[in-house]
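A.B. asks: After the structure tokens below, expect a handful of questions from me.
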Amino acid sequence: MSAQHYDFLIRGGKIFDGTGMPWRYADVAIQGERIAAVGPIPASATAVKTIDARNKWVTPGFIDPHSHAAPGLTTATTAAAAALLFQGITSAIINADGGGPADLAPQLDRIQRMAPGVNVVPTIGNNGVRIAVMGFEGRPPTEDELAAMKKLVRQAMELGAFGLNSGLWAAPGPFTTTHELTELARVAAGFPGAFYISHIRDEGDYNIGLHAAVSEVIAIARSANLPGIVTHLKAYGPSVHGRAGEIVKLIDDARAQGVQIWADQYPYNFAGGGLANDLLPPWVVAGGFGPRVARLSNPEQLPGIRREMLVNLHRAGGADNIVIRDYRPDESLIGQRLSAIALARGQEPVDLIVDLLKKGDAGMMQFNMTEPDVELFMQQPWTMTSTDGTLPEFGQGGAHPRSYGSFVRKLRKYAIDKPVITLEQAIHRSSGLTATILGIQDRGFLRSGAYADVLVINPTTLRELSTYQQPHAYCEGIDWILINGRTAIADGKLTNQRHGRVLRRHRQ
């Protein structure tokens, strides 16, 4: 009998198979785009390429359930998705926070034509749908408008979207009612494996409060009878610090009652966002840049706006907790604290914010979470790893380090250096758990027949290099990545080929 021959043989590594079970030594054989075998492969077997994984980990490719990579995946300079690959991400959800277009077809066609570096998991965003039907109107939809939105969600699901994605923080999200979301979620629930994932209305005490906002996801999941996911779960701002245990109990109680509730989390104690959406009242932001500038320039409206901004600034922990992440009108401000800029200009922070937002949008980072809350959320068996990151052009403008480092940071900081969770848990919640929750078939696990999205990781060199001061830095330690059975990273270097594909819920 002739010896077996494969495209790839990965020999001698510590296998973390994505299930959360203890690691074991084994080999992995890959033929075509699938894993042919996991276990002891005879020494007589040969391969086009054999990878020596001794003293290394072999894991499934990581899956990001909350990514803002879609714009980058449609851009020639970033479609290779290097920032994702170097942290081990092989598949990513798009249209997070209710974003993206109401008609997914042109977006997905363009991404596929660009030959993405990672697999793409589309969702349909409630805000894209709402804007298509009723713009930024700050009111509930009429029956006809709701019917039109439901039709758009149905069309997206028929096209292959995996679920409904809502963003209830930035306009027009705050104007969206629970009834409206439940009706859209019921449409999605008509398709097997669908889910509802939400950037909740409030992660602190800005409007309805953190507890009520999580409760809304639970209510929608229960009413629509589909899994609900609280995305980038956090306790955001001094008023809710220390309340992670309360939210854990809320979710555990719902799960005990049979409601399918999950969460994802990026492993940082500072958040990203925008000065406009986070510090201005929602009605000021409604309508986009032009109407916002008009309201900020109106001497009759500005005093009231300013009073509300002062409250929001206090909720954020003050100007010293805010760092400018991106500001195209003046990139010299990137990386500076808002308090320092205001002091240098001789302004009150709220007046500085008004001036900045009259000239353009400003991205920011807020140091407004506590490490104990981050760790408690991370320890829950229902919490996945995510980035909430963009796909930045390397070296250009600002970025949050989560765009470059989330998954590696989770492994290095929280499973190795300070073991808040075990390695098996960290890898499971970055791969197999995520694939199961999102209904992504034959990915997230190392097993015979699964797609060959595989990582070989060097634990001795594994580290995140991106910081908020110098964000543009790729992770180290991901030595090999195979996507759909083909090489994306070899010996720690990006190849010049792209092997991702747009996945469809019904045709994966």
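A note on labels: chains of the structure tokens are A, B, ... as shown, every chain counts residues from 1, and ligands are counted from 1 in their shown order.
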Tell me, as a ChimeraX atom specification, which residues lie within 8 Å of A:Gly395, counting only C-alpha atoms; anything in the same chain fewer than 2 positions away does not count.

C.D. replies: /A:393,397,472

A.B. asks: Keeping N, CA and C atoms for every residue in the selection just given, could you write it to a file as a compact mmCIF listing (two decimals), in the first residue's frame?

C.D. replies:
```txt
# COMPACT_ATOMS: atom_id res chain seq x y z
N GLU A 393 -5.22 51.39 7.16
CA GLU A 393 -4.05 51.38 6.27
C GLU A 393 -2.83 51.61 7.15
N GLY A 397 -2.94 57.76 9.72
CA GLY A 397 -3.95 58.23 10.66
C GLY A 397 -3.87 57.52 11.99
N HIS A 472 0.06 51.56 14.99
CA HIS A 472 0.32 50.82 13.75
C HIS A 472 1.50 49.87 13.92
```

A.B. asks: If we count only C-alpha atoms, what is near stretch 255-257 of chain A at a cut-off of 10 Å, once residues fewer than 4 positions away on the same chain are taken out, given as JSON, numbers by chain?

C.D. replies: {"A": [218, 222, 249, 250, 251, 261, 262, 382]}

A.B. asks: Nearest to A:Ala47: which of A:Pro471, A:Gly32, A:Pro60, A:Gly209 is it, counting only C-alpha atoms?

C.D. replies: A:Gly32

A.B. asks: Looking only at helix (DSSP H, G or I) from DSSP on the backbone, list the matching residues of stretch 23-215 of chain A as a ChimeraX atom specification.

C.D. replies: /A:70-73,82-85,96-98,104-113,126-134,143-159,173-175,178-189,210-215

A.B. asks: Write out as a list in words each polymer residue whose atoms come within 9 Å of A:Met149, counting only C-alpha atoms; drop sequence neighbours fewer than 3 positions from it.

C.D. replies: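 My list of contacting residues is Ala102, Asn126, Val129, Arg130, Ala132, Val133, Asp144, Glu145, Leu146, Leu152, Val153, Arg154 and Leu184 of chain A.
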
A.B. asks: I'd like to know which of A:Gly318, A:Ile457, A:Gly125, A:Tyr327 is closest to A:Ser339, using only C-alpha atoms.

C.D. replies: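 Looking only at the distances to A:Ser339, the closest residue turns out to be A:Gly318.
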
A.B. asks: Taking into account only C-alpha atoms, which residue in the set A:Ile305, A:Val28, A:Met157, A:Ala53 is nearest to A:Ile41?

C.D. replies: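 Closest to A:Ile41, using only C-alpha atoms: A:Val28.
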